[in-house]
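Asker: Sharing a structure here in structure tokens format.
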Amino acid sequence: ARKAMTLPDPDRLNLIFAALADPTRRRVLSMLLEDDMAVSDVAHPFEMSLAAISKHLTVLAAAGLIRQERRGRITWCMLDPDGMRRASVWMQGFGQFDPVDLDDFERFLKAEMKEWTEE
């Protein structure tokens, strides 16, 4: 039996959409589609400090889009698909949107990442 998803509260939605509004955070999400990553590996392709990337990761975690887990001395980041599902459920409520196809979303994020790296 499939578990019914409850509609997210407005504050959670605000956090999700605010997190997705930033191109750096979208790029981080697209990187995490490939695999879990250590914070230092997430920071590597960006021309910003580890502290700045950590702030972006904090926003993504607060929105429920990623989870962070300490393994020894290393903090790992991984996608949390439930956050994206919350946004999808909200958009589906308008009846104008089909359910988010995560494969399509992955292609979108990869295209965004490619565009970002070409700038």
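Chains: A, B, ... in order of the structure tokens. Residues: from 1 per chain. Ligands: from 1, in order shown.
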Any idea what's packed within 9 Å of Leu15 of chain A, counting only C-alpha atoms, ignoring anything in its chain fewer than 2 positions away? Could you give it as number ranges by chain?
Answerer: A: 10-13, 17-20, 59-60, 62-64
Asker: Mind writing the picked residues with N, CA and C atoms as a short mmCIF file (atom, residue, chain, number, x, y, z; two decimals), in the first residue's frame?
Answerer:
data_model
loop_
_atom_site.label_atom_id
_atom_site.label_comp_id
_atom_site.auth_asym_id
_atom_site.auth_seq_id
_atom_site.Cartn_x
_atom_site.Cartn_y
_atom_site.Cartn_z
N PRO A 10 2.68 25.88 4.61
CA PRO A 10 3.19 27.01 3.81
C PRO A 10 4.62 27.41 4.15
N ASP A 11 4.99 27.34 5.42
CA ASP A 11 6.36 27.72 5.79
C ASP A 11 7.38 26.78 5.15
N ARG A 12 7.08 25.49 5.11
CA ARG A 12 7.98 24.51 4.50
C ARG A 12 8.09 24.81 3.00
N LEU A 13 6.96 25.09 2.35
CA LEU A 13 6.99 25.42 0.92
C LEU A 13 7.83 26.66 0.66
N PHE A 17 10.95 26.57 -2.00
CA PHE A 17 11.04 27.41 -3.19
C PHE A 17 12.14 28.47 -3.06
N ALA A 18 12.37 28.98 -1.87
CA ALA A 18 13.48 29.92 -1.68
C ALA A 18 14.82 29.22 -1.93
N ALA A 19 14.93 27.98 -1.47
CA ALA A 19 16.17 27.22 -1.69
C ALA A 19 16.38 26.96 -3.18
N LEU A 20 15.31 26.62 -3.89
CA LEU A 20 15.42 26.33 -5.32
C LEU A 20 15.65 27.57 -6.17
N VAL A 59 20.78 25.93 4.03
CA VAL A 59 19.49 26.33 3.46
C VAL A 59 18.80 25.12 2.83
N LEU A 60 19.56 24.32 2.06
CA LEU A 60 18.99 23.13 1.43
C LEU A 60 18.50 22.12 2.47
N ALA A 62 17.57 22.84 5.63
CA ALA A 62 16.42 23.42 6.33
C ALA A 62 15.15 23.27 5.49
N ALA A 63 15.30 23.31 4.16
CA ALA A 63 14.16 23.13 3.26
C ALA A 63 13.77 21.67 3.11
N GLY A 64 14.59 20.77 3.62
CA GLY A 64 14.30 19.35 3.52
C GLY A 64 14.68 18.75 2.17
#
Asker: Leaving out segment 99-112 of chain A and any residue of its chain fewer than 6 positions from it, which residues lie within 9 Å of it when counting only C-alpha atoms, given as a PDB file with N, CA and C atoms, in the first residue's frame?
Answerer:
ATOM      1  N   PRO A  23      20.723  29.710  -8.020  1.00  0.00           N
ATOM      2  CA  PRO A  23      21.403  28.825  -8.975  1.00  0.00           C
ATOM      3  C   PRO A  23      22.513  27.969  -8.361  1.00  0.00           C
ATOM      4  N   ARG A  26      20.740  25.046  -6.784  1.00  0.00           N
ATOM      5  CA  ARG A  26      20.265  24.105  -7.815  1.00  0.00           C
ATOM      6  C   ARG A  26      21.426  23.284  -8.353  1.00  0.00           C
ATOM      7  N   ARG A  27      22.571  23.918  -8.511  1.00  0.00           N
ATOM      8  CA  ARG A  27      23.746  23.186  -9.000  1.00  0.00           C
ATOM      9  C   ARG A  27      24.179  22.125  -7.986  1.00  0.00           C
ATOM     10  N   LEU A  29      22.233  20.574  -5.901  1.00  0.00           N
ATOM     11  CA  LEU A  29      21.264  19.480  -6.013  1.00  0.00           C
ATOM     12  C   LEU A  29      21.579  18.590  -7.207  1.00  0.00           C
ATOM     13  N   SER A  30      21.938  19.193  -8.326  1.00  0.00           N
ATOM     14  CA  SER A  30      22.249  18.382  -9.508  1.00  0.00           C
ATOM     15  C   SER A  30      23.498  17.540  -9.275  1.00  0.00           C
ATOM     16  N   MET A  31      24.464  18.058  -8.530  1.00  0.00           N
ATOM     17  CA  MET A  31      25.660  17.274  -8.199  1.00  0.00           C
ATOM     18  C   MET A  31      25.287  16.080  -7.316  1.00  0.00           C
ATOM     19  N   LEU A  33      22.555  14.517  -7.295  1.00  0.00           N
ATOM     20  CA  LEU A  33      21.802  13.493  -8.037  1.00  0.00           C
ATOM     21  C   LEU A  33      22.702  12.323  -8.395  1.00  0.00           C
ATOM     22  N   MET A  84      11.436  17.523  -2.523  1.00  0.00           N
ATOM     23  CA  MET A  84      10.981  17.815  -3.878  1.00  0.00           C
ATOM     24  C   MET A  84       9.549  17.323  -4.071  1.00  0.00           C
ATOM     25  N   ARG A  85       9.213  16.200  -3.461  1.00  0.00           N
ATOM     26  CA  ARG A  85       7.846  15.680  -3.567  1.00  0.00           C
ATOM     27  C   ARG A  85       6.851  16.653  -2.949  1.00  0.00           C
ATOM     28  N   SER A  88       6.135  19.225  -5.427  1.00  0.00           N
ATOM     29  CA  SER A  88       5.371  18.617  -6.514  1.00  0.00           C
ATOM     30  C   SER A  88       3.902  18.458  -6.123  1.00  0.00           C
ATOM     31  N   VAL A  89       3.653  17.977  -4.922  1.00  0.00           N
ATOM     32  CA  VAL A  89       2.281  17.796  -4.440  1.00  0.00           C
ATOM     33  C   VAL A  89       1.558  19.137  -4.436  1.00  0.00           C
ATOM     34  N   MET A  91       2.190  21.805  -6.329  1.00  0.00           N
ATOM     35  CA  MET A  91       1.931  22.240  -7.703  1.00  0.00           C
ATOM     36  C   MET A  91       0.812  21.415  -8.338  1.00  0.00           C
ATOM     37  N   GLN A  92       0.738  20.138  -8.020  1.00  0.00           N
ATOM     38  CA  GLN A  92      -0.314  19.287  -8.572  1.00  0.00           C
ATOM     39  C   GLN A  92      -1.690  19.734  -8.102  1.00  0.00           C
TER      40      GLN A  92
END
Asker: Mind checking which residues fall within 12 Å of Leu57 of chain A, counting only C-alpha atoms, ignoring those fewer than 6 positions away in the same chain, and posting them as a PDB file with N, CA, C and O atoms, in the first residue's frame?
Answerer:
ATOM      1  N   ALA A  19      14.934  27.980  -1.474  1.00  0.00           N
ATOM      2  CA  ALA A  19      16.174  27.225  -1.694  1.00  0.00           C
ATOM      3  C   ALA A  19      16.385  26.961  -3.180  1.00  0.00           C
ATOM      4  O   ALA A  19      17.502  27.087  -3.701  1.00  0.00           O
ATOM      5  N   LEU A  20      15.312  26.621  -3.889  1.00  0.00           N
ATOM      6  CA  LEU A  20      15.418  26.328  -5.321  1.00  0.00           C
ATOM      7  C   LEU A  20      15.645  27.575  -6.169  1.00  0.00           C
ATOM      8  O   LEU A  20      16.075  27.470  -7.320  1.00  0.00           O
ATOM      9  N   ASP A  22      17.890  29.788  -5.906  1.00  0.00           N
ATOM     10  CA  ASP A  22      19.305  30.143  -6.043  1.00  0.00           C
ATOM     11  C   ASP A  22      20.028  29.184  -6.989  1.00  0.00           C
ATOM     12  O   ASP A  22      19.985  27.963  -6.790  1.00  0.00           O
ATOM     13  N   THR A  24      23.197  28.483  -7.351  1.00  0.00           N
ATOM     14  CA  THR A  24      24.236  27.684  -6.696  1.00  0.00           C
ATOM     15  C   THR A  24      23.612  26.472  -6.027  1.00  0.00           C
ATOM     16  O   THR A  24      24.111  25.348  -6.144  1.00  0.00           O
ATOM     17  N   ARG A  25      22.498  26.681  -5.347  1.00  0.00           N
ATOM     18  CA  ARG A  25      21.839  25.562  -4.659  1.00  0.00           C
ATOM     19  C   ARG A  25      21.265  24.568  -5.662  1.00  0.00           C
ATOM     20  O   ARG A  25      21.317  23.352  -5.423  1.00  0.00           O
ATOM     21  N   ARG A  26      20.740  25.046  -6.784  1.00  0.00           N
ATOM     22  CA  ARG A  26      20.265  24.105  -7.815  1.00  0.00           C
ATOM     23  C   ARG A  26      21.426  23.284  -8.353  1.00  0.00           C
ATOM     24  O   ARG A  26      21.291  22.085  -8.610  1.00  0.00           O
ATOM     25  N   ARG A  27      22.571  23.918  -8.511  1.00  0.00           N
ATOM     26  CA  ARG A  27      23.746  23.186  -9.000  1.00  0.00           C
ATOM     27  C   ARG A  27      24.179  22.125  -7.986  1.00  0.00           C
ATOM     28  O   ARG A  27      24.539  21.009  -8.358  1.00  0.00           O
ATOM     29  N   VAL A  28      24.146  22.471  -6.708  1.00  0.00           N
ATOM     30  CA  VAL A  28      24.484  21.492  -5.664  1.00  0.00           C
ATOM     31  C   VAL A  28      23.525  20.303  -5.741  1.00  0.00           C
ATOM     32  O   VAL A  28      23.958  19.144  -5.688  1.00  0.00           O
ATOM     33  N   LEU A  29      22.233  20.574  -5.901  1.00  0.00           N
ATOM     34  CA  LEU A  29      21.264  19.480  -6.013  1.00  0.00           C
ATOM     35  C   LEU A  29      21.579  18.590  -7.207  1.00  0.00           C
ATOM     36  O   LEU A  29      21.507  17.364  -7.106  1.00  0.00           O
ATOM     37  N   LEU A  32      24.374  16.315  -6.380  1.00  0.00           N
ATOM     38  CA  LEU A  32      23.982  15.257  -5.446  1.00  0.00           C
ATOM     39  C   LEU A  32      23.079  14.215  -6.101  1.00  0.00           C
ATOM     40  O   LEU A  32      22.862  13.141  -5.530  1.00  0.00           O
ATOM     41  N   MET A  37      27.896  13.124  -1.377  1.00  0.00           N
ATOM     42  CA  MET A  37      29.200  13.781  -1.460  1.00  0.00           C
ATOM     43  C   MET A  37      29.588  14.367  -0.108  1.00  0.00           C
ATOM     44  O   MET A  37      28.724  14.834   0.642  1.00  0.00           O
ATOM     45  N   ALA A  38      30.889  14.364   0.151  1.00  0.00           N
ATOM     46  CA  ALA A  38      31.412  15.066   1.319  1.00  0.00           C
ATOM     47  C   ALA A  38      31.295  16.560   1.060  1.00  0.00           C
ATOM     48  O   ALA A  38      31.358  17.015  -0.088  1.00  0.00           O
ATOM     49  N   VAL A  39      31.131  17.346   2.122  1.00  0.00           N
ATOM     50  CA  VAL A  39      30.993  18.796   1.988  1.00  0.00           C
ATOM     51  C   VAL A  39      32.168  19.376   1.199  1.00  0.00           C
ATOM     52  O   VAL A  39      31.982  20.224   0.321  1.00  0.00           O
ATOM     53  N   SER A  40      33.374  18.917   1.463  1.00  0.00           N
ATOM     54  CA  SER A  40      34.545  19.453   0.753  1.00  0.00           C
ATOM     55  C   SER A  40      34.469  19.164  -0.744  1.00  0.00           C
ATOM     56  O   SER A  40      34.884  19.990  -1.563  1.00  0.00           O
ATOM     57  N   VAL A  42      31.601  18.839  -2.434  1.00  0.00           N
ATOM     58  CA  VAL A  42      30.556  19.726  -2.941  1.00  0.00           C
ATOM     59  C   VAL A  42      31.161  21.106  -3.205  1.00  0.00           C
ATOM     60  O   VAL A  42      30.889  21.732  -4.228  1.00  0.00           O
ATOM     61  N   ALA A  43      32.015  21.557  -2.306  1.00  0.00           N
ATOM     62  CA  ALA A  43      32.591  22.903  -2.421  1.00  0.00           C
ATOM     63  C   ALA A  43      33.602  23.022  -3.550  1.00  0.00           C
ATOM     64  O   ALA A  43      33.787  24.111  -4.115  1.00  0.00           O
ATOM     65  N   LEU A  50      34.518  27.536   1.837  1.00  0.00           N
ATOM     66  CA  LEU A  50      33.812  26.403   2.427  1.00  0.00           C
ATOM     67  C   LEU A  50      32.670  26.909   3.308  1.00  0.00           C
ATOM     68  O   LEU A  50      31.590  26.316   3.336  1.00  0.00           O
ATOM     69  N   ALA A  51      32.890  28.031   3.983  1.00  0.00           N
ATOM     70  CA  ALA A  51      31.845  28.612   4.838  1.00  0.00           C
ATOM     71  C   ALA A  51      30.640  29.038   4.000  1.00  0.00           C
ATOM     72  O   ALA A  51      29.486  28.831   4.412  1.00  0.00           O
ATOM     73  N   ALA A  63      15.301  23.307   4.163  1.00  0.00           N
ATOM     74  CA  ALA A  63      14.160  23.134   3.261  1.00  0.00           C
ATOM     75  C   ALA A  63      13.767  21.672   3.115  1.00  0.00           C
ATOM     76  O   ALA A  63      12.731  21.363   2.532  1.00  0.00           O
ATOM     77  N   GLY A  64      14.593  20.774   3.620  1.00  0.00           N
ATOM     78  CA  GLY A  64      14.300  19.349   3.517  1.00  0.00           C
ATOM     79  C   GLY A  64      14.678  18.753   2.172  1.00  0.00           C
ATOM     80  O   GLY A  64      14.223  17.674   1.818  1.00  0.00           O
ATOM     81  N   LEU A  65      15.519  19.465   1.396  1.00  0.00           N
ATOM     82  CA  LEU A  65      15.924  18.973   0.079  1.00  0.00           C
ATOM     83  C   LEU A  65      17.151  18.071   0.146  1.00  0.00           C
ATOM     84  O   LEU A  65      17.371  17.259  -0.744  1.00  0.00           O
ATOM     85  N   ILE A  66      17.965  18.242   1.191  1.00  0.00           N
ATOM     86  CA  ILE A  66      19.112  17.368   1.408  1.00  0.00           C
ATOM     87  C   ILE A  66      19.158  16.980   2.879  1.00  0.00           C
ATOM     88  O   ILE A  66      18.527  17.621   3.723  1.00  0.00           O
ATOM     89  N   ARG A  67      19.927  15.933   3.141  1.00  0.00           N
ATOM     90  CA  ARG A  67      20.237  15.544   4.520  1.00  0.00           C
ATOM     91  C   ARG A  67      21.747  15.580   4.660  1.00  0.00           C
ATOM     92  O   ARG A  67      22.470  15.374   3.685  1.00  0.00           O
ATOM     93  N   GLN A  68      22.201  15.859   5.850  1.00  0.00           N
ATOM     94  CA  GLN A  68      23.635  15.816   6.125  1.00  0.00           C
ATOM     95  C   GLN A  68      23.855  14.808   7.241  1.00  0.00           C
ATOM     96  O   GLN A  68      23.073  14.710   8.176  1.00  0.00           O
ATOM     97  N   GLU A  69      24.950  14.064   7.097  1.00  0.00           N
ATOM     98  CA  GLU A  69      25.247  12.997   8.051  1.00  0.00           C
ATOM     99  C   GLU A  69      26.737  13.006   8.340  1.00  0.00           C
ATOM    100  O   GLU A  69      27.552  13.057   7.427  1.00  0.00           O
ATOM    101  N   THR A  75      31.512  15.287   6.982  1.00  0.00           N
ATOM    102  CA  THR A  75      30.075  15.488   6.840  1.00  0.00           C
ATOM    103  C   THR A  75      29.689  15.187   5.406  1.00  0.00           C
ATOM    104  O   THR A  75      30.261  15.745   4.462  1.00  0.00           O
ATOM    105  N   TRP A  76      28.743  14.263   5.241  1.00  0.00           N
ATOM    106  CA  TRP A  76      28.262  13.853   3.929  1.00  0.00           C
ATOM    107  C   TRP A  76      26.919  14.496   3.649  1.00  0.00           C
ATOM    108  O   TRP A  76      26.112  14.695   4.554  1.00  0.00           O
ATOM    109  N   CYS A  77      26.669  14.783   2.376  1.00  0.00           N
ATOM    110  CA  CYS A  77      25.405  15.361   1.939  1.00  0.00           C
ATOM    111  C   CYS A  77      24.732  14.382   0.990  1.00  0.00           C
ATOM    112  O   CYS A  77      25.397  13.760   0.164  1.00  0.00           O
ATOM    113  N   MET A  78      23.415  14.258   1.111  1.00  0.00           N
ATOM    114  CA  MET A  78      22.659  13.396   0.213  1.00  0.00           C
ATOM    115  C   MET A  78      21.302  14.032  -0.058  1.00  0.00           C
ATOM    116  O   MET A  78      20.785  14.765   0.783  1.00  0.00           O
ATOM    117  N   LEU A  79      20.756  13.763  -1.240  1.00  0.00           N
ATOM    118  CA  LEU A  79      19.435  14.266  -1.574  1.00  0.00           C
ATOM    119  C   LEU A  79      18.390  13.666  -0.659  1.00  0.00           C
ATOM    120  O   LEU A  79      18.505  12.514  -0.253  1.00  0.00           O
TER     121      LEU A  79
END
Asker: Please return, as a list in words, all residues of chain A that DSSP assigns to strand (DSSP E or B) on the basis of the backbone.
Answerer: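 Selection result, strand (DSSP E or B) within chain A: Met37, Ala38, Ile66, Arg67, Gln68, Glu69, Arg70, Arg71, Ile74, Thr75, Trp76, Cys77, Met78 and Leu79 of chain A.
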Asker: Store the residues of this selection in a file with N, CA and C atoms, as a tab-separated table (two decimals), in the first residue's frame.
Answerer:
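Ended up saving to result.tsv:
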chain	number	residue	atom	x	y	z
A	37	MET	N	27.90	13.12	-1.38
A	37	MET	CA	29.20	13.78	-1.46
A	37	MET	C	29.59	14.37	-0.11
A	38	ALA	N	30.89	14.36	0.15
A	38	ALA	CA	31.41	15.07	1.32
A	38	ALA	C	31.30	16.56	1.06
A	66	ILE	N	17.97	18.24	1.19
A	66	ILE	CA	19.11	17.37	1.41
A	66	ILE	C	19.16	16.98	2.88
A	67	ARG	N	19.93	15.93	3.14
A	67	ARG	CA	20.24	15.54	4.52
A	67	ARG	C	21.75	15.58	4.66
A	68	GLN	N	22.20	15.86	5.85
A	68	GLN	CA	23.63	15.82	6.13
A	68	GLN	C	23.86	14.81	7.24
A	69	GLU	N	24.95	14.06	7.10
A	69	GLU	CA	25.25	13.00	8.05
A	69	GLU	C	26.74	13.01	8.34
A	70	ARG	N	27.05	12.96	9.61
A	70	ARG	CA	28.45	12.93	10.02
A	70	ARG	C	28.93	11.48	10.02
A	71	ARG	N	30.03	11.22	9.31
A	71	ARG	CA	30.66	9.89	9.31
A	71	ARG	C	32.12	10.11	9.69
A	74	ILE	N	34.01	13.48	8.69
A	74	ILE	CA	33.53	14.01	7.41
A	74	ILE	C	32.01	14.13	7.45
A	75	THR	N	31.51	15.29	6.98
A	75	THR	CA	30.07	15.49	6.84
A	75	THR	C	29.69	15.19	5.41
A	76	TRP	N	28.74	14.26	5.24
A	76	TRP	CA	28.26	13.85	3.93
A	76	TRP	C	26.92	14.50	3.65
A	77	CYS	N	26.67	14.78	2.38
A	77	CYS	CA	25.40	15.36	1.94
A	77	CYS	C	24.73	14.38	0.99
A	78	MET	N	23.41	14.26	1.11
A	78	MET	CA	22.66	13.40	0.21
A	78	MET	C	21.30	14.03	-0.06
A	79	LEU	N	20.76	13.76	-1.24
A	79	LEU	CA	19.44	14.27	-1.57
A	79	LEU	C	18.39	13.67	-0.66
Asker: Between atom CA of Gly83 of chain A and atom CA of Asp9 of chain A, what distance in Å does the model show, to one decimal?
Answerer: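 Computing the Euclidean distance for atom CA of Gly83 of chain A and atom CA of Asp9 of chain A yields 11.9 Å.
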Asker: Please give the complete set of residues from segment 6-106 of chain A that DSSP, run on the backbone, assigns to helix (DSSP H, G or I), formatted as a VMD selection string.
Answerer: chain A and resid 10 to 20 23 to 34 39 to 43 50 to 62 81 to 92 102 to 106
Asker: Name the closest residue to Ala61 of chain A among the candidates A:Phe94, A:Pro81, A:Glu115, A:Phe46; distances are taken between atoms, counting only C-alpha atoms.
Answerer: A:Pro81
